[in-house]
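Quick look at upload_19.cif (mmCIF, C-alpha atoms):
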```
data_entry
loop_
_atom_site.label_atom_id
_atom_site.label_comp_id
_atom_site.auth_asym_id
_atom_site.auth_seq_id
_atom_site.Cartn_x
_atom_site.Cartn_y
_atom_site.Cartn_z
CA MET S 288 98.98 41.36 98.64
CA ASN S 289 96.19 43.49 100.02
CA LEU S 290 96.51 47.03 101.36
CA GLY S 291 96.91 45.95 104.99
CA GLU S 292 99.63 43.47 104.16
CA ARG S 293 101.42 46.03 101.98
CA LEU S 294 101.40 48.68 104.73
CA SER S 295 102.58 46.08 107.25
CA ALA S 296 105.44 45.08 104.96
CA VAL S 297 106.50 48.70 104.50
CA TRP S 298 106.42 49.30 108.26
CA ASN S 299 108.42 46.11 108.92
CA SER S 300 111.07 47.21 106.41
CA PHE S 301 111.39 50.51 108.23
CA THR S 302 111.59 48.94 111.68
CA SER S 303 113.74 45.93 110.83
CA SER S 304 116.91 47.91 111.45
CA PRO S 305 117.50 50.42 114.26
CA GLU S 306 119.66 52.52 111.96
CA MET S 307 116.93 52.58 109.34
CA THR S 308 114.33 53.56 111.93
CA VAL S 309 116.37 56.46 113.28
CA GLY S 310 117.33 57.61 109.79
CA MET S 311 113.78 57.48 108.56
CA LEU S 312 112.45 59.33 111.59
CA VAL S 313 115.05 62.08 111.16
CA SER S 314 114.31 62.31 107.42
CA ILE S 315 110.57 62.46 108.03
CA GLY S 316 111.01 65.14 110.69
CA VAL S 317 113.30 67.29 108.55
CA PHE S 318 111.15 67.12 105.46
CA THR S 319 107.94 67.60 107.41
CA VAL S 320 109.33 70.94 108.59
CA LEU S 321 110.57 71.73 105.08
CA TYR S 322 107.19 70.90 103.53
CA TYR S 323 105.40 72.98 106.14
CA TYR S 324 107.43 76.11 105.40
CA MET S 325 107.20 75.61 101.65
CA ILE S 326 103.41 75.33 101.86
CA LYS S 327 103.29 78.33 104.20
CA PHE S 328 105.41 80.36 101.76
CA LEU S 329 103.15 79.48 98.84
CA SER S 330 100.03 80.20 100.89
CA ASP S 331 101.36 83.56 102.10
CA ASN S 332 101.96 84.56 98.49
CA GLU S 333 98.42 83.57 97.48
CA SER S 334 99.67 80.76 95.21
CA GLU S 335 96.70 78.45 95.52
CA THR S 336 97.51 76.50 92.35
CA MET S 337 101.10 75.83 93.35
CA THR S 338 100.02 74.90 96.88
CA VAL S 339 97.53 72.32 95.58
CA LEU S 340 100.10 70.97 93.09
CA PHE S 341 102.72 70.66 95.81
CA VAL S 342 100.36 68.76 98.12
CA MET S 343 99.39 66.45 95.23
CA VAL S 344 103.04 65.64 94.54
CA MET S 345 103.59 64.92 98.23
CA VAL S 346 100.66 62.50 98.24
CA ILE S 347 101.80 60.81 95.02
CA SER S 348 105.33 60.43 96.44
CA ALA S 349 103.92 58.84 99.58
CA VAL S 350 101.87 56.39 97.49
CA ILE S 351 104.90 55.47 95.38
CA LEU S 352 107.03 54.87 98.48
CA THR S 353 104.29 52.72 99.99
CA PHE S 354 103.26 50.53 97.07
CA ILE S 355 106.34 50.17 94.87
CA ASN S 356 109.17 47.93 95.97
CA ASN S 357 112.84 48.92 96.04
CA ILE S 358 112.30 52.65 95.81
CA ASN S 359 115.56 54.42 96.60
CA SER S 360 115.32 56.70 99.62
CA ALA S 361 116.86 59.45 97.48
CA ILE S 362 113.31 60.30 96.43
CA PHE S 363 113.03 62.01 99.81
CA LEU S 364 115.69 64.42 98.55
CA ILE S 365 114.65 64.63 94.91
CA VAL S 366 111.03 65.72 95.44
CA PRO S 367 111.72 68.71 97.72
CA ALA S 368 114.81 69.63 95.70
CA VAL S 369 112.74 69.89 92.52
CA PHE S 370 110.19 72.09 94.25
CA ILE S 371 112.84 74.26 95.86
CA VAL S 372 114.35 74.94 92.44
CA ALA S 373 110.88 75.62 91.01
CA ILE S 374 110.07 78.03 93.84
CA LEU S 375 113.42 79.83 93.43
CA VAL S 376 112.63 80.36 89.75
CA LEU S 377 108.92 81.15 89.96
CA TYR S 378 109.04 83.23 93.13
CA SER S 379 112.38 84.97 92.79
CA THR S 380 110.75 88.38 93.29
CA GLU S 381 109.09 87.38 96.57
CA ILE S 382 112.31 85.78 97.81
CA LYS S 383 114.25 88.95 96.98
CA ARG S 384 111.77 90.91 99.08
CA ILE S 385 112.25 88.61 102.06
CA ILE S 386 116.05 88.82 101.82
CA TRP S 387 115.96 92.59 101.35
CA ALA S 388 113.62 93.04 104.30
CA ARG S 389 115.89 91.01 106.57
CA LYS S 390 119.04 92.72 105.37
CA HIS S 391 117.62 96.24 105.46
CA ASN S 392 115.37 96.11 108.48
CA LYS S 393 115.45 99.86 109.11
CA MET S 394 112.07 100.94 107.78
CA VAL S 395 110.42 104.30 107.65
CA ASP S 396 108.04 104.80 110.53
CA VAL S 397 104.87 106.34 109.13
CA LYS S 398 102.20 107.05 111.69
CA HIS S 399 98.69 106.50 110.43
CA ASP S 400 96.64 109.50 111.41
CA GLY S 401 92.95 108.73 110.97
CA LEU S 402 92.25 112.39 110.24
CA SER S 403 94.55 112.19 107.21
CA TYR S 404 92.77 109.17 105.79
CA ASP S 405 89.25 110.40 105.27
CA GLU S 406 87.69 109.72 101.88
CA GLU S 407 87.87 113.32 100.74
CA ARG S 408 91.58 113.48 101.49
CA ILE S 409 92.18 110.23 99.63
CA GLN S 410 90.33 111.46 96.53
CA THR S 411 92.33 114.69 96.61
CA CYS S 412 95.60 112.78 96.69
CA ILE S 413 94.54 110.56 93.79
CA VAL S 414 93.52 113.56 91.70
CA GLU S 415 96.74 115.45 92.46
CA ILE S 416 99.00 112.51 91.64
CA ILE S 417 97.21 111.74 88.36
CA LYS S 418 97.24 115.43 87.40
CA ALA S 419 101.01 115.57 87.97
CA LEU S 420 101.60 112.36 86.00
CA GLN S 421 99.55 113.59 83.05
CA ASN S 422 101.27 116.98 83.00
CA MET S 423 104.72 115.39 83.15
CA SER S 424 103.74 112.90 80.45
CA LYS S 425 102.53 115.71 78.21
CA ASN S 426 105.80 117.61 78.65
CA ASP S 427 108.09 114.54 78.47
CA VAL S 428 109.35 115.00 82.02
CA GLY S 429 110.80 111.80 83.50
CA ALA S 430 109.65 110.68 86.94
CA ILE S 431 109.44 107.76 89.37
CA ILE S 432 106.88 107.79 92.18
CA VAL S 433 106.97 104.91 94.66
CA LEU S 434 103.75 104.16 96.54
CA SER S 435 104.93 102.88 99.90
CA THR S 436 103.07 101.24 102.77
CA GLY S 437 105.66 102.34 105.30
CA ASN S 438 107.93 99.48 104.21
CA VAL S 439 110.67 101.36 102.33
CA PRO S 440 114.07 100.89 104.04
CA GLY S 441 115.60 103.95 105.66
CA GLN S 442 118.67 103.54 103.42
CA ILE S 443 116.57 104.40 100.39
CA LEU S 444 114.82 107.33 102.06
CA ASP S 445 118.08 108.72 103.41
CA SER S 446 119.62 108.62 99.94
CA GLY S 447 117.27 111.45 99.00
CA VAL S 448 115.90 114.50 100.78
CA ARG S 449 113.19 114.12 103.41
CA LEU S 450 110.16 116.29 102.64
CA ASP S 451 107.25 115.00 104.76
CA SER S 452 104.97 117.27 102.74
CA ASP S 453 101.33 117.13 101.72
CA ILE S 454 100.72 115.77 98.24
CA SER S 455 100.11 118.32 95.50
CA SER S 456 100.60 118.21 91.75
CA ALA S 457 102.59 121.46 91.86
CA LEU S 458 105.11 120.03 94.33
CA ILE S 459 105.45 116.75 92.45
CA GLU S 460 106.04 118.54 89.15
CA SER S 461 108.52 120.97 90.67
CA VAL S 462 110.57 118.11 92.12
CA PHE S 463 110.84 116.37 88.73
CA PHE S 464 111.33 119.54 86.69
CA PRO S 465 114.47 119.04 84.56
CA LYS S 466 117.76 120.31 85.99
CA THR S 467 116.42 120.63 89.51
CA PRO S 468 118.61 118.85 92.12
CA LEU S 469 116.14 116.05 92.83
CA HIS S 470 114.71 115.31 89.40
CA ASP S 471 116.83 112.23 88.64
CA GLY S 472 115.83 110.35 91.79
CA ALA S 473 112.62 108.73 92.92
CA MET S 474 109.86 110.23 95.04
CA VAL S 475 108.46 108.08 97.85
CA ILE S 476 104.85 108.62 98.84
CA SER S 477 103.42 107.01 101.95
CA GLY S 478 99.73 107.59 102.50
CA THR S 479 98.90 111.27 102.16
CA LYS S 480 102.50 112.47 102.47
CA ILE S 481 105.46 112.87 100.16
CA VAL S 482 108.07 111.32 102.45
CA SER S 483 111.24 111.78 100.43
CA ALA S 484 112.49 112.77 96.97
CA GLY S 485 115.65 112.30 94.96
CA CYS S 486 116.01 108.74 96.27
CA PHE S 487 118.24 106.08 94.71
CA LEU S 488 116.56 102.74 94.00
CA PRO S 489 117.98 99.25 93.38
CA LEU S 490 118.16 98.52 89.66
CA SER S 491 116.55 95.42 88.23
CA GLN S 492 118.96 92.85 86.82
CA ASN S 493 116.25 91.14 84.78
CA ASP S 494 117.60 90.51 81.27
CA ASN S 495 114.06 90.23 79.88
CA ILE S 496 113.32 93.93 80.34
CA PRO S 497 112.98 95.52 76.87
CA LYS S 498 116.18 97.21 75.74
CA ASP S 499 114.39 100.47 75.02
CA LEU S 500 113.68 100.89 78.74
CA GLY S 501 116.51 102.75 80.44
CA THR S 502 117.83 103.25 83.95
CA ARG S 503 114.69 105.03 85.20
CA HIS S 504 112.49 102.07 84.29
CA ARG S 505 114.99 99.55 85.67
CA ALA S 506 114.96 101.43 88.95
CA GLY S 507 111.17 101.59 88.99
CA ILE S 508 110.96 97.84 88.35
CA GLY S 509 113.86 96.95 90.64
CA VAL S 510 112.32 98.48 93.76
CA THR S 511 109.17 96.38 93.25
CA GLU S 512 111.29 93.23 93.02
CA THR S 513 112.78 93.78 96.46
CA ILE S 514 109.98 95.60 98.31
CA ASP S 515 106.20 95.21 98.21
CA VAL S 516 105.49 98.59 96.62
CA VAL S 517 104.06 99.98 93.39
CA SER S 518 105.99 102.45 91.26
CA LEU S 519 104.61 104.90 88.71
CA ILE S 520 107.07 105.77 85.96
CA VAL S 521 107.01 108.53 83.35
CA SER S 522 109.37 108.18 80.41
CA GLU S 523 111.44 111.25 79.63
CA GLU S 524 111.86 110.15 76.00
CA THR S 525 108.28 109.21 75.11
CA GLY S 526 106.08 110.53 77.92
CA ILE S 527 104.60 107.04 78.34
CA ILE S 528 103.31 106.33 81.85
CA SER S 529 104.01 102.86 83.24
CA VAL S 530 102.99 100.97 86.38
CA ALA S 531 105.41 98.49 87.95
CA ARG S 532 104.55 95.97 90.62
CA ALA S 533 106.10 92.65 91.72
CA GLY S 534 108.90 93.00 89.18
CA LYS S 535 106.57 93.39 86.20
CA ILE S 536 105.82 96.54 84.24
CA THR S 537 102.65 97.60 82.44
CA ARG S 538 103.18 100.37 79.93
CA TYR S 539 100.75 102.88 78.42
CA ALA S 540 98.86 103.36 81.68
CA ASP S 541 95.79 105.50 81.00
CA ILE S 542 93.77 107.52 83.49
CA GLU S 543 91.53 104.55 84.31
CA MET S 544 94.49 102.31 85.16
CA LEU S 545 96.03 105.05 87.28
CA LYS S 546 92.76 105.60 89.14
CA LYS S 547 92.42 101.88 89.76
CA THR S 548 96.03 101.54 90.95
CA LEU S 549 95.86 104.54 93.27
CA THR S 550 92.41 103.70 94.60
CA LYS S 551 93.54 100.17 95.50
CA TYR S 552 96.65 101.57 97.18
CA TYR S 553 94.78 104.14 99.26
CA TRP S 554 92.03 101.81 100.38
CA GLN S 555 94.66 99.33 101.54
CA GLU S 556 96.26 102.17 103.46
CA LEU S 557 92.91 103.16 104.89
CA GLU S 558 92.24 99.63 106.11
CA SER S 559 95.70 99.54 107.68
CA ALA S 560 95.10 102.87 109.42
CA ARG S 561 91.84 101.61 110.91
CA LYS S 562 93.47 98.57 112.52
#
```

Can you turn what I pasted into structure tokens?
Amino acid sequence: MNLGERLSAVWNSFTSSPEMTVGMLVSIGVFTVLYYYMIKFLSDNESETMTVLFVMVMVISAVILTFINNINSAIFLIVPAVFIVAILVLYSTEIKRIIWARKHNKMVDVKHDGLSYDEERIQTCIVEIIKALQNMSKNDVGAIIVLSTGNVPGQILDSGVRLDSDISSALIESVFFPKTPLHDGAMVISGTKIVSAGCFLPLSQNDNIPKDLGTRHRAGIGVTETIDVVSLIVSEETGIISVARAGKITRYADIEMLKKTLTKYYWQELESARK
């Protein structure tokens, strides 16, 4: 049987029964929408490899349904179900962010003032933050600094004390100085301002986090699992500086890594301010 005859036979099997035709049309419609949003989700999260793989599986499934006889229609459920499970596992961090954003839709409103985003101001902020991190690391002072893009929920900001202050190493170090009222919480920076300090963050429930990392590190990681932010963490026990993003932590951050992280953050902010 040639290709034309095969396609004709498949179409006749679909249209031979009104119930089959309606059922197939509904199934195709539902899964077309499902496939569209799954591809959109993967594309939005810059998952080119997974997007290509998903499209390939869709094509292979279509070929199987077309050219192999007696394929159970359950394959229409199995294929998307497998990918839904895979996406839930592989993209749990991104999904947490979406759920958190919908549940906690009260965000901090940070106005981008072009005058505050000139290159000199940005370099000053980077220098001041790194200076504070190095001093706290040297003196084994624990700290969490969250680099926000104006997307931190108001619930987190309101759990601390609003500062709305210019960034300076002296202020950062004084906030985290042991036994001061705000030292156990997190500091939220948005652009060139320290927005809030002493904030409580959601703790990560990831069992794969090393056991030697305590509550401070779990909080620093946890906030990046639920919100698209970067957190800078200083260990009180060892003085090690870590960078957490997207639920993953990189320890032993040196000055070059800190410069790279902060420069990327501020240039993204600058581009946002110019829009």

What does the structure give for the distance between CA of Thr479 in chain S and CA of Glu556 in chain S, in Å to one decimal?
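Going from CA of Thr479 in chain S over to CA of Glu556 in chain S, I get 9.6 Å.
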
Can you work out which one of S:Ile508, S:Ile431, S:Ser477, S:Thr548 has the shortest atom-to-atom distance to Gln492 in chain S, counting all atoms listed in the file?
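Looking only at the distances to Gln492 in chain S, the closest residue turns out to be S:Ile508.
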
Taking all atoms listed in the file into account, name the residue in S:Ser452, S:Thr513, S:Ser491, S:Ser446 that is nearest to Leu469 in chain S.
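Result for the nearest residue to Leu469 in chain S: S:Ser446.
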
When you look at Thr537 in chain S with a cut-off of 12 Å (counting all atoms listed in the file), what residues show up, excluding the ones that are within fewer than 5 positions of it in the same chain? I need them as a list in words.
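Contacts, in chain order: Ile496, Pro497, His504, Gly507, Ile508, Val517, Ser518, Leu519, Ile520, Val521, Ile527, Ile528, Ser529, Val530, Ala531, Arg532, Met544, Leu545 and Thr548 of chain S.
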
With C-alpha atoms retained, export the selected residues as a compact mmCIF listing (two decimals), in the frame of the given file.
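File selection.txt, as written:
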```txt
# COMPACT_ATOMS: atom_id res chain seq x y z
CA ILE S 496 113.32 93.93 80.34
CA PRO S 497 112.98 95.52 76.87
CA HIS S 504 112.49 102.07 84.29
CA GLY S 507 111.17 101.59 88.99
CA ILE S 508 110.96 97.84 88.35
CA VAL S 517 104.06 99.98 93.39
CA SER S 518 105.99 102.45 91.26
CA LEU S 519 104.61 104.90 88.71
CA ILE S 520 107.07 105.77 85.96
CA VAL S 521 107.01 108.53 83.35
CA ILE S 527 104.60 107.04 78.34
CA ILE S 528 103.31 106.33 81.85
CA SER S 529 104.01 102.86 83.24
CA VAL S 530 102.99 100.97 86.38
CA ALA S 531 105.41 98.49 87.95
CA ARG S 532 104.55 95.97 90.62
CA MET S 544 94.49 102.31 85.16
CA LEU S 545 96.03 105.05 87.28
CA THR S 548 96.03 101.54 90.95
```

Run through the PyMOL selection byres ((chain S and resi 412-425) around 7) on the given coordinates and return the selected residues as a PDB file with C-alpha atoms, keeping the file's coordinate frame.
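Output file out-v4.pdb is given in full below:
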```pdb
ATOM      1  CA  ARG S 408      91.580 113.480 101.490  1.00  0.00           C
ATOM      2  CA  ILE S 409      92.180 110.230  99.630  1.00  0.00           C
ATOM      3  CA  GLN S 410      90.330 111.460  96.530  1.00  0.00           C
ATOM      4  CA  THR S 411      92.330 114.690  96.610  1.00  0.00           C
ATOM      5  CA  ASN S 426     105.800 117.610  78.650  1.00  0.00           C
ATOM      6  CA  ASP S 427     108.090 114.540  78.470  1.00  0.00           C
ATOM      7  CA  VAL S 428     109.350 115.000  82.020  1.00  0.00           C
ATOM      8  CA  ILE S 454     100.720 115.770  98.240  1.00  0.00           C
ATOM      9  CA  SER S 455     100.110 118.320  95.500  1.00  0.00           C
ATOM     10  CA  SER S 456     100.600 118.210  91.750  1.00  0.00           C
ATOM     11  CA  ILE S 459     105.450 116.750  92.450  1.00  0.00           C
ATOM     12  CA  GLU S 460     106.040 118.540  89.150  1.00  0.00           C
ATOM     13  CA  THR S 479      98.900 111.270 102.160  1.00  0.00           C
ATOM     14  CA  VAL S 521     107.010 108.530  83.350  1.00  0.00           C
ATOM     15  CA  GLY S 526     106.080 110.530  77.920  1.00  0.00           C
ATOM     16  CA  ILE S 527     104.600 107.040  78.340  1.00  0.00           C
ATOM     17  CA  ILE S 528     103.310 106.330  81.850  1.00  0.00           C
ATOM     18  CA  LEU S 545      96.030 105.050  87.280  1.00  0.00           C
ATOM     19  CA  LEU S 549      95.860 104.540  93.270  1.00  0.00           C
TER      20      LEU S 549
END
```

Record the distance separating CA of Leu434 in chain S and CA of Val475 in chain S, expressed in Å with one decimal.
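Between these atoms lies a distance of 6.3 Å.
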
Take CA of Ser435 in chain S and CA of Gly472 in chain S and report the distance between them in Å, one decimal.
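CA of Ser435 in chain S sits 15.5 Å away from CA of Gly472 in chain S.
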
When you get a chance, write out N, CA and C atoms for range 481-515 of chain S, as an mmCIF file, in the frame of the given file.
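Dumped to out_37.cif:
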```
data_model
loop_
_atom_site.group_PDB
_atom_site.id
_atom_site.type_symbol
_atom_site.label_atom_id
_atom_site.label_comp_id
_atom_site.auth_asym_id
_atom_site.auth_seq_id
_atom_site.Cartn_x
_atom_site.Cartn_y
_atom_site.Cartn_z
ATOM 1 N N ILE S 481 104.251 113.097 100.938
ATOM 2 C CA ILE S 481 105.460 112.870 100.160
ATOM 3 C C ILE S 481 106.579 112.766 101.187
ATOM 4 N N VAL S 482 107.096 111.552 101.379
ATOM 5 C CA VAL S 482 108.070 111.320 102.450
ATOM 6 C C VAL S 482 109.453 111.797 102.058
ATOM 7 N N SER S 483 109.881 111.455 100.848
ATOM 8 C CA SER S 483 111.240 111.780 100.430
ATOM 9 C C SER S 483 111.291 111.899 98.910
ATOM 10 N N ALA S 484 112.311 112.607 98.415
ATOM 11 C CA ALA S 484 112.490 112.770 96.970
ATOM 12 C C ALA S 484 113.966 112.720 96.638
ATOM 13 N N GLY S 485 114.256 112.414 95.375
ATOM 14 C CA GLY S 485 115.650 112.300 94.960
ATOM 15 C C GLY S 485 116.300 111.022 95.452
ATOM 16 N N CYS S 486 115.499 109.981 95.692
ATOM 17 C CA CYS S 486 116.010 108.740 96.270
ATOM 18 C C CYS S 486 116.599 107.817 95.195
ATOM 19 N N PHE S 487 117.634 107.072 95.592
ATOM 20 C CA PHE S 487 118.240 106.080 94.710
ATOM 21 C C PHE S 487 117.601 104.724 94.977
ATOM 22 N N LEU S 488 117.230 104.030 93.890
ATOM 23 C CA LEU S 488 116.560 102.740 94.000
ATOM 24 C C LEU S 488 117.440 101.619 93.451
ATOM 25 N N PRO S 489 117.235 100.393 93.940
ATOM 26 C CA PRO S 489 117.980 99.250 93.380
ATOM 27 C C PRO S 489 117.539 98.988 91.944
ATOM 28 N N LEU S 490 118.486 98.771 91.059
ATOM 29 C CA LEU S 490 118.160 98.520 89.660
ATOM 30 C C LEU S 490 117.844 97.050 89.424
ATOM 31 N N SER S 491 116.870 96.796 88.588
ATOM 32 C CA SER S 491 116.550 95.420 88.230
ATOM 33 C C SER S 491 117.658 94.830 87.363
ATOM 34 N N GLN S 492 117.971 93.562 87.621
ATOM 35 C CA GLN S 492 118.960 92.850 86.820
ATOM 36 C C GLN S 492 118.301 91.877 85.847
ATOM 37 N N ASN S 493 117.007 92.033 85.667
ATOM 38 C CA ASN S 493 116.250 91.140 84.780
ATOM 39 C C ASN S 493 116.637 91.399 83.323
ATOM 40 N N ASP S 494 117.164 90.378 82.673
ATOM 41 C CA ASP S 494 117.600 90.510 81.270
ATOM 42 C C ASP S 494 116.430 90.566 80.295
ATOM 43 N N ASN S 495 115.227 90.249 80.771
ATOM 44 C CA ASN S 495 114.060 90.230 79.880
ATOM 45 C C ASN S 495 113.389 91.584 79.740
ATOM 46 N N ILE S 496 113.877 92.581 80.471
ATOM 47 C CA ILE S 496 113.320 93.930 80.340
ATOM 48 C C ILE S 496 113.673 94.462 78.947
ATOM 49 N N PRO S 497 112.701 95.001 78.216
ATOM 50 C CA PRO S 497 112.980 95.520 76.870
ATOM 51 C C PRO S 497 114.163 96.495 76.859
ATOM 52 N N LYS S 498 114.968 96.400 75.816
ATOM 53 C CA LYS S 498 116.180 97.210 75.740
ATOM 54 C C LYS S 498 115.894 98.701 75.620
ATOM 55 N N ASP S 499 114.687 99.049 75.169
ATOM 56 C CA ASP S 499 114.390 100.470 75.020
ATOM 57 C C ASP S 499 114.020 101.132 76.347
ATOM 58 N N LEU S 500 113.948 100.339 77.416
ATOM 59 C CA LEU S 500 113.680 100.890 78.740
ATOM 60 C C LEU S 500 115.018 101.145 79.444
ATOM 61 N N GLY S 501 115.222 102.369 79.875
ATOM 62 C CA GLY S 501 116.510 102.750 80.440
ATOM 63 C C GLY S 501 116.599 102.598 81.948
ATOM 64 N N THR S 502 117.536 103.349 82.524
ATOM 65 C CA THR S 502 117.830 103.250 83.950
ATOM 66 C C THR S 502 116.616 103.600 84.810
ATOM 67 N N ARG S 503 115.853 104.614 84.409
ATOM 68 C CA ARG S 503 114.690 105.030 85.200
ATOM 69 C C ARG S 503 113.684 103.865 85.334
ATOM 70 N N HIS S 504 113.432 103.179 84.240
ATOM 71 C CA HIS S 504 112.490 102.070 84.290
ATOM 72 C C HIS S 504 113.065 100.882 85.061
ATOM 73 N N ARG S 505 114.366 100.638 84.908
ATOM 74 C CA ARG S 505 114.990 99.550 85.670
ATOM 75 C C ARG S 505 114.937 99.812 87.163
ATOM 76 N N ALA S 506 115.071 101.078 87.529
ATOM 77 C CA ALA S 506 114.960 101.430 88.950
ATOM 78 C C ALA S 506 113.527 101.263 89.435
ATOM 79 N N GLY S 507 112.571 101.710 88.615
ATOM 80 C CA GLY S 507 111.170 101.590 88.990
ATOM 81 C C GLY S 507 110.728 100.146 89.123
ATOM 82 N N ILE S 508 111.267 99.271 88.271
ATOM 83 C CA ILE S 508 110.960 97.840 88.350
ATOM 84 C C ILE S 508 111.715 97.205 89.506
ATOM 85 N N GLY S 509 112.995 97.568 89.632
ATOM 86 C CA GLY S 509 113.860 96.950 90.640
ATOM 87 C C GLY S 509 113.345 97.102 92.052
ATOM 88 N N VAL S 510 112.808 98.276 92.385
ATOM 89 C CA VAL S 510 112.320 98.480 93.760
ATOM 90 C C VAL S 510 111.118 97.589 94.049
ATOM 91 N N THR S 511 110.331 97.257 93.033
ATOM 92 C CA THR S 511 109.170 96.380 93.250
ATOM 93 C C THR S 511 109.577 94.915 93.325
ATOM 94 N N GLU S 512 110.792 94.597 92.881
ATOM 95 C CA GLU S 512 111.290 93.230 93.020
ATOM 96 C C GLU S 512 111.736 92.950 94.445
ATOM 97 N N THR S 513 112.209 93.974 95.130
ATOM 98 C CA THR S 513 112.780 93.780 96.460
ATOM 99 C C THR S 513 111.870 94.230 97.588
ATOM 100 N N ILE S 514 110.891 95.089 97.283
ATOM 101 C CA ILE S 514 109.980 95.600 98.310
ATOM 102 C C ILE S 514 108.562 95.527 97.757
ATOM 103 N N ASP S 515 107.597 95.297 98.634
ATOM 104 C CA ASP S 515 106.200 95.210 98.210
ATOM 105 C C ASP S 515 105.625 96.612 98.055
#
```
